[in-house]
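Trainee: What follows is a structure written as structure tokens; I'll ask about it next.
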Amino acid sequence: MSLSNEIADILTGMLSNDGCAEIQRNELAQSIGCVPSQINYVISSRFTPEHGYLVESRRGGGGYIKITRLKINAPDMIMHTVNSIGDRLDRNSARAFIINLAQQNFIKKEAAEMMLCAVNDASLRPAEPEKRDEIRASVLKQMLLTAARKHK
């Protein structure tokens with residue numbers, strides 16, 4: 001298991017029943033045997049609003065990082081994702097959005113598989129390369145909007 005996965009598992013395990021954990025980054029890094037920036041990397045890449053988390057930090061001697069699992073319903077999370085996409089979307093970012101939504105059960109596995117197929121490079125091959133990211137964003141937004149309506 002990679003160090004990043006190990007840190008993510010530890011942080012996830014620290015979330016209490018109410019979905020909240022307060023950590024002191026330096027102490028956690030010391031107990032795991034890594035540098036504090038590795039903790040920062042994991043938090044900034046895996047504990048984001050797109051993954052369903054809110055992160056707050058306070059600096060100073062008694063500083064801490066507070067991670068809270070957001071309690072959000074599927075339509076709201078899907079709409080948040082739609083609003084996060086923008087006018088252009090590369091293939092890797094599209095995959096990340098779709099996989100995160102599926103892993104959190106905001107969209108069904110079958111829907112995620114179809115979305116991945118629709119936004120992959122092979123499906124967009126007929127379009128000019130410089131237009132693919134724009135088309136990909138538009139297609140994914142429309143698919144997610146349809147998914148959000150089905151949840152209501």
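All residue names refer to the structure tokens as shown: chains lettered A, B, ... in order, residues numbered from 1 in each chain, ligands numbered from 1 in order.
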Please give the complete set of residues from stretch 28-118 of chain A that DSSP, run on the backbone, assigns to strand (DSSP E), formatted as a ChimeraX atom specification.

Mentor: /A:53-58,64-69

Trainee: Generate a file of the selected residues that holds C-alpha atoms, formatted as a tab-separated table (two decimals), in the first residue's frame.

Mentor:
chain	number	residue	atom	x	y	z
A	53	TYR	CA	-15.32	16.79	2.75
A	54	LEU	CA	-14.78	20.23	4.22
A	55	VAL	CA	-11.31	21.02	5.56
A	56	GLU	CA	-10.59	23.85	7.99
A	57	SER	CA	-7.20	24.70	9.42
A	58	ARG	CA	-5.87	26.89	12.18
A	64	TYR	CA	-5.07	21.81	13.91
A	65	ILE	CA	-6.73	20.59	10.77
A	66	LYS	CA	-10.41	19.73	11.02
A	67	ILE	CA	-11.89	17.38	8.43
A	68	THR	CA	-15.67	17.12	8.23
A	69	ARG	CA	-17.57	14.67	6.04

Trainee: Tell me, counting only C-alpha atoms, for each residue of stretch 30-141 of chain A within 9 Å of stretch 2-26 of chain A, which pair of atoms is nearest and how far apart they are in Å to one decimal, in rows ordered by chain and increasing number, as a Markdown table.

Mentor:
| residue | atom | partner | partner_atom | distance |
| --- | --- | --- | --- | --- |
| A:Gln30 | CA | A:Asn26 | CA | 6.1 |
| A:Ser31 | CA | A:Asn26 | CA | 8.6 |
| A:Ile32 | CA | A:Ile7 | CA | 7.9 |
| A:Cys34 | CA | A:Leu3 | CA | 8.5 |
| A:Val35 | CA | A:Asn26 | CA | 8.0 |
| A:Pro36 | CA | A:Asn26 | CA | 5.6 |
| A:Ser37 | CA | A:Arg25 | CA | 8.8 |
| A:Gln38 | CA | A:Ser4 | CA | 7.4 |
| A:Ile39 | CA | A:Arg25 | CA | 6.7 |
| A:Asn40 | CA | A:Arg25 | CA | 7.9 |
| A:Tyr41 | CA | A:Ser4 | CA | 8.2 |
| A:Val42 | CA | A:Ser4 | CA | 6.0 |
| A:Ile43 | CA | A:Ala8 | CA | 7.7 |
| A:Arg46 | CA | A:Ala8 | CA | 7.3 |
| A:Phe47 | CA | A:Ala8 | CA | 8.5 |
| A:Gly62 | CA | A:Gln24 | CA | 8.3 |
| A:Gly63 | CA | A:Gln24 | CA | 6.8 |
| A:Tyr64 | CA | A:Gln24 | CA | 4.7 |
| A:Ile65 | CA | A:Ile23 | CA | 5.3 |
| A:Lys66 | CA | A:Glu22 | CA | 4.3 |
| A:Ile67 | CA | A:Ala21 | CA | 5.3 |
| A:Thr68 | CA | A:Cys20 | CA | 4.4 |
| A:Arg69 | CA | A:Gly19 | CA | 4.9 |
| A:Leu70 | CA | A:Gly19 | CA | 7.7 |
| A:Lys71 | CA | A:Gly19 | CA | 8.7 |

Trainee: Which is closest to A:Ala94 among A:Met79, A:Leu28, A:Leu145, A:Leu116, if we use only C-alpha atoms?

Mentor: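 Closest to A:Ala94, using only C-alpha atoms: A:Leu116.
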
Trainee: For atom CA of A:Lys108 and atom CA of A:Ile78, determine how far apart the two atoms are, in Å to one decimal place.

Mentor: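 Computing it gives 12.1 Å between the two atoms.
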
Trainee: Go through A:Gly86, A:Pro75, A:Gly33, A:Gly52 one by one, measure the shortest atom-to-atom distance of each to A:Ile135 using only C-alpha atoms, and give the residue with the smallest value.

Mentor: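 Looking only at the distances to A:Ile135, the closest residue turns out to be A:Gly86.
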
Trainee: Would you mind telling me which residue in A:Asp133, A:Ala112, A:Ala148, A:Gln142 lies nearest to A:Asp87 when using only C-alpha atoms?

Mentor: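 Of the candidates, the smallest distance to A:Asp87 is held by A:Asp133.
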
Trainee: Using only C-alpha atoms, which residues sit within 8 Å of stretch 117-127 of chain A once same-chain residues fewer than 2 positions away are excluded, as a list in words?

Mentor: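 After dropping sequence-adjacent residues, the list is Arg91, Ala94, Glu113, Met114, Met115, Pro129, Lys131, Arg132, Ile135, Arg136, Val139 and Leu140 of chain A.
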
Trainee: For the residues in the current selection, export all heavy atoms as an mmCIF file, in the first residue's frame.

Mentor:
data_model
loop_
_atom_site.group_PDB
_atom_site.id
_atom_site.type_symbol
_atom_site.label_atom_id
_atom_site.label_comp_id
_atom_site.auth_asym_id
_atom_site.auth_seq_id
_atom_site.Cartn_x
_atom_site.Cartn_y
_atom_site.Cartn_z
ATOM 1 N N ARG A 91 -9.819 14.790 -20.062
ATOM 2 C CA ARG A 91 -10.261 13.410 -19.838
ATOM 3 C C ARG A 91 -10.024 12.951 -18.405
ATOM 4 O O ARG A 91 -10.892 12.350 -17.780
ATOM 5 C CB ARG A 91 -9.551 12.466 -20.814
ATOM 6 C CG ARG A 91 -10.015 11.025 -20.717
ATOM 7 C CD ARG A 91 -9.217 10.110 -21.625
ATOM 8 N NE ARG A 91 -7.805 10.059 -21.283
ATOM 9 C CZ ARG A 91 -7.289 9.271 -20.319
ATOM 10 N NH1 ARG A 91 -8.058 8.480 -19.642
ATOM 11 N NH2 ARG A 91 -5.995 9.297 -20.088
ATOM 12 N N ALA A 94 -12.487 14.581 -15.990
ATOM 13 C CA ALA A 94 -13.819 13.995 -16.185
ATOM 14 C C ALA A 94 -13.904 12.646 -15.482
ATOM 15 O O ALA A 94 -14.876 12.361 -14.771
ATOM 16 C CB ALA A 94 -14.119 13.849 -17.675
ATOM 17 N N GLU A 113 -20.359 4.125 -15.765
ATOM 18 C CA GLU A 113 -19.701 3.458 -16.881
ATOM 19 C C GLU A 113 -20.100 4.090 -18.215
ATOM 20 O O GLU A 113 -19.259 4.285 -19.095
ATOM 21 C CB GLU A 113 -20.037 1.964 -16.866
ATOM 22 C CG GLU A 113 -19.354 1.221 -15.729
ATOM 23 C CD GLU A 113 -19.839 -0.209 -15.561
ATOM 24 O OE1 GLU A 113 -20.768 -0.644 -16.286
ATOM 25 O OE2 GLU A 113 -19.291 -0.896 -14.679
ATOM 26 N N MET A 114 -21.382 4.417 -18.357
ATOM 27 C CA MET A 114 -21.822 5.073 -19.600
ATOM 28 C C MET A 114 -21.221 6.466 -19.733
ATOM 29 O O MET A 114 -20.815 6.865 -20.824
ATOM 30 C CB MET A 114 -23.348 5.137 -19.650
ATOM 31 C CG MET A 114 -23.960 3.799 -19.999
ATOM 32 S SD MET A 114 -25.671 3.915 -20.510
ATOM 33 C CE MET A 114 -26.483 4.131 -18.952
ATOM 34 N N MET A 115 -21.157 7.198 -18.627
ATOM 35 C CA MET A 115 -20.566 8.539 -18.666
ATOM 36 C C MET A 115 -19.094 8.457 -19.051
ATOM 37 O O MET A 115 -18.613 9.261 -19.860
ATOM 38 C CB MET A 115 -20.728 9.229 -17.311
ATOM 39 C CG MET A 115 -22.128 9.647 -17.011
ATOM 40 S SD MET A 115 -22.205 10.400 -15.365
ATOM 41 C CE MET A 115 -23.964 10.517 -15.143
ATOM 42 N N PRO A 129 -9.413 18.074 -32.262
ATOM 43 C CA PRO A 129 -8.757 17.923 -30.965
ATOM 44 C C PRO A 129 -8.898 19.139 -30.040
ATOM 45 O O PRO A 129 -9.092 18.987 -28.845
ATOM 46 C CB PRO A 129 -7.288 17.666 -31.329
ATOM 47 C CG PRO A 129 -7.356 17.032 -32.676
ATOM 48 C CD PRO A 129 -8.530 17.692 -33.368
ATOM 49 N N LYS A 131 -11.326 21.081 -29.740
ATOM 50 C CA LYS A 131 -12.722 21.240 -29.295
ATOM 51 C C LYS A 131 -13.158 20.143 -28.329
ATOM 52 O O LYS A 131 -14.211 20.250 -27.703
ATOM 53 C CB LYS A 131 -13.670 21.222 -30.508
ATOM 54 C CG LYS A 131 -13.624 22.462 -31.345
ATOM 55 C CD LYS A 131 -14.204 23.584 -30.532
ATOM 56 C CE LYS A 131 -14.887 24.623 -31.376
ATOM 57 N NZ LYS A 131 -15.483 25.638 -30.553
ATOM 58 N N ARG A 132 -12.378 19.084 -28.207
ATOM 59 C CA ARG A 132 -12.804 17.913 -27.431
ATOM 60 C C ARG A 132 -13.082 18.229 -25.959
ATOM 61 O O ARG A 132 -14.064 17.752 -25.405
ATOM 62 C CB ARG A 132 -11.783 16.789 -27.557
ATOM 63 C CG ARG A 132 -11.786 16.185 -28.936
ATOM 64 C CD ARG A 132 -10.789 15.084 -29.083
ATOM 65 N NE ARG A 132 -10.739 14.679 -30.496
ATOM 66 C CZ ARG A 132 -9.760 14.015 -31.039
ATOM 67 N NH1 ARG A 132 -8.726 13.635 -30.312
ATOM 68 N NH2 ARG A 132 -9.796 13.707 -32.323
ATOM 69 N N ILE A 135 -16.408 20.008 -25.684
ATOM 70 C CA ILE A 135 -17.517 19.068 -25.918
ATOM 71 C C ILE A 135 -17.659 18.129 -24.719
ATOM 72 O O ILE A 135 -18.765 17.866 -24.244
ATOM 73 C CB ILE A 135 -17.291 18.276 -27.225
ATOM 74 C CG1 ILE A 135 -17.358 19.223 -28.420
ATOM 75 C CG2 ILE A 135 -18.307 17.148 -27.363
ATOM 76 C CD1 ILE A 135 -16.861 18.617 -29.720
ATOM 77 N N ARG A 136 -16.531 17.643 -24.212
ATOM 78 C CA ARG A 136 -16.540 16.733 -23.061
ATOM 79 C C ARG A 136 -17.241 17.388 -21.862
ATOM 80 O O ARG A 136 -18.065 16.773 -21.195
ATOM 81 C CB ARG A 136 -15.098 16.350 -22.697
ATOM 82 C CG ARG A 136 -14.988 15.302 -21.628
ATOM 83 C CD ARG A 136 -13.538 14.967 -21.253
ATOM 84 N NE ARG A 136 -12.506 15.349 -22.184
ATOM 85 C CZ ARG A 136 -11.998 14.559 -23.134
ATOM 86 N NH1 ARG A 136 -12.458 13.342 -23.278
ATOM 87 N NH2 ARG A 136 -11.036 14.995 -23.923
ATOM 88 N N VAL A 139 -21.059 17.558 -22.607
ATOM 89 C CA VAL A 139 -21.686 16.232 -22.553
ATOM 90 C C VAL A 139 -21.823 15.767 -21.100
ATOM 91 O O VAL A 139 -22.887 15.309 -20.681
ATOM 92 C CB VAL A 139 -20.873 15.213 -23.389
ATOM 93 C CG1 VAL A 139 -21.302 13.778 -23.103
ATOM 94 C CG2 VAL A 139 -21.004 15.527 -24.874
ATOM 95 N N LEU A 140 -20.753 15.903 -20.321
ATOM 96 C CA LEU A 140 -20.806 15.440 -18.934
ATOM 97 C C LEU A 140 -21.822 16.249 -18.129
ATOM 98 O O LEU A 140 -22.581 15.677 -17.338
ATOM 99 C CB LEU A 140 -19.425 15.487 -18.281
ATOM 100 C CG LEU A 140 -19.379 14.931 -16.850
ATOM 101 C CD1 LEU A 140 -19.909 13.493 -16.798
ATOM 102 C CD2 LEU A 140 -17.965 14.997 -16.296
#

Trainee: When you look at A:Asp76 with a cut-off of 10 Å (counting only C-alpha atoms), what residues show up, excluding the ones that are within fewer than 3 positions of it in the same chain? I need them as a ChimeraX atom specification.

Mentor: /A:72-73,79-82,106,148,151

Trainee: Based on the selection just made, write N, CA and C atoms of those residues as a CSV table (one decimal), in the first residue's frame.

Mentor:
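As a result, out-v9.csv now contains:
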chain,number,residue,atom,x,y,z
A,72,ILE,N,-24.5,15.6,2.3
A,72,ILE,CA,-25.2,16.2,1.2
A,72,ILE,C,-25.9,15.2,0.4
A,73,ASN,N,-27.1,15.6,-0.1
A,73,ASN,CA,-27.8,14.6,-0.9
A,73,ASN,C,-27.3,14.5,-2.3
A,79,MET,N,-25.2,18.7,-8.6
A,79,MET,CA,-25.3,20.1,-9.1
A,79,MET,C,-24.0,20.8,-8.8
A,80,HIS,N,-23.4,20.5,-7.6
A,80,HIS,CA,-22.1,21.1,-7.2
A,80,HIS,C,-21.1,20.7,-8.2
A,81,THR,N,-21.1,19.4,-8.6
A,81,THR,CA,-20.1,18.9,-9.6
A,81,THR,C,-20.3,19.6,-11.0
A,82,VAL,N,-21.6,19.7,-11.4
A,82,VAL,CA,-21.9,20.4,-12.7
A,82,VAL,C,-21.3,21.9,-12.6
A,106,PHE,N,-23.5,8.6,-5.4
A,106,PHE,CA,-24.3,9.7,-5.9
A,106,PHE,C,-24.9,9.4,-7.3
A,148,ALA,N,-29.2,14.0,-12.0
A,148,ALA,CA,-29.8,14.8,-10.8
A,148,ALA,C,-31.3,14.8,-10.9
A,151,HIS,N,-32.9,11.7,-9.5
A,151,HIS,CA,-32.8,11.5,-8.0
A,151,HIS,C,-34.0,12.2,-7.3

Trainee: Given the choices A:Thr48, A:Ser84, A:Asn92, A:Asn105, which gets closest to A:Ala147 if the distance is worked out from only C-alpha atoms?

Mentor: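 The shortest atom-to-atom distance to A:Ala147 comes from A:Asn105.
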
Trainee: How many Å separate atom CA of A:Ile85 from atom CA of A:Glu110?

Mentor: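 We find that atom CA of A:Ile85 and atom CA of A:Glu110 lie 21.3 Å from each other.
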
Trainee: Looking at A:Asn83, A:Arg95, A:Lys109, A:Ala102, which one is nearest to A:Lys141, with distances taken over only C-alpha atoms?

Mentor: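 Among the listed residues, A:Asn83 lies closest to A:Lys141.
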
Trainee: Could you pull out the helix (DSSP H, G or I) residues of stretch 6-128 of chain A, going by DSSP on the backbone, and write them as a PyMOL selection string?

Mentor: chain A and resi 6-14+25-32+36-46+49-51+74-85+91-103+109-118
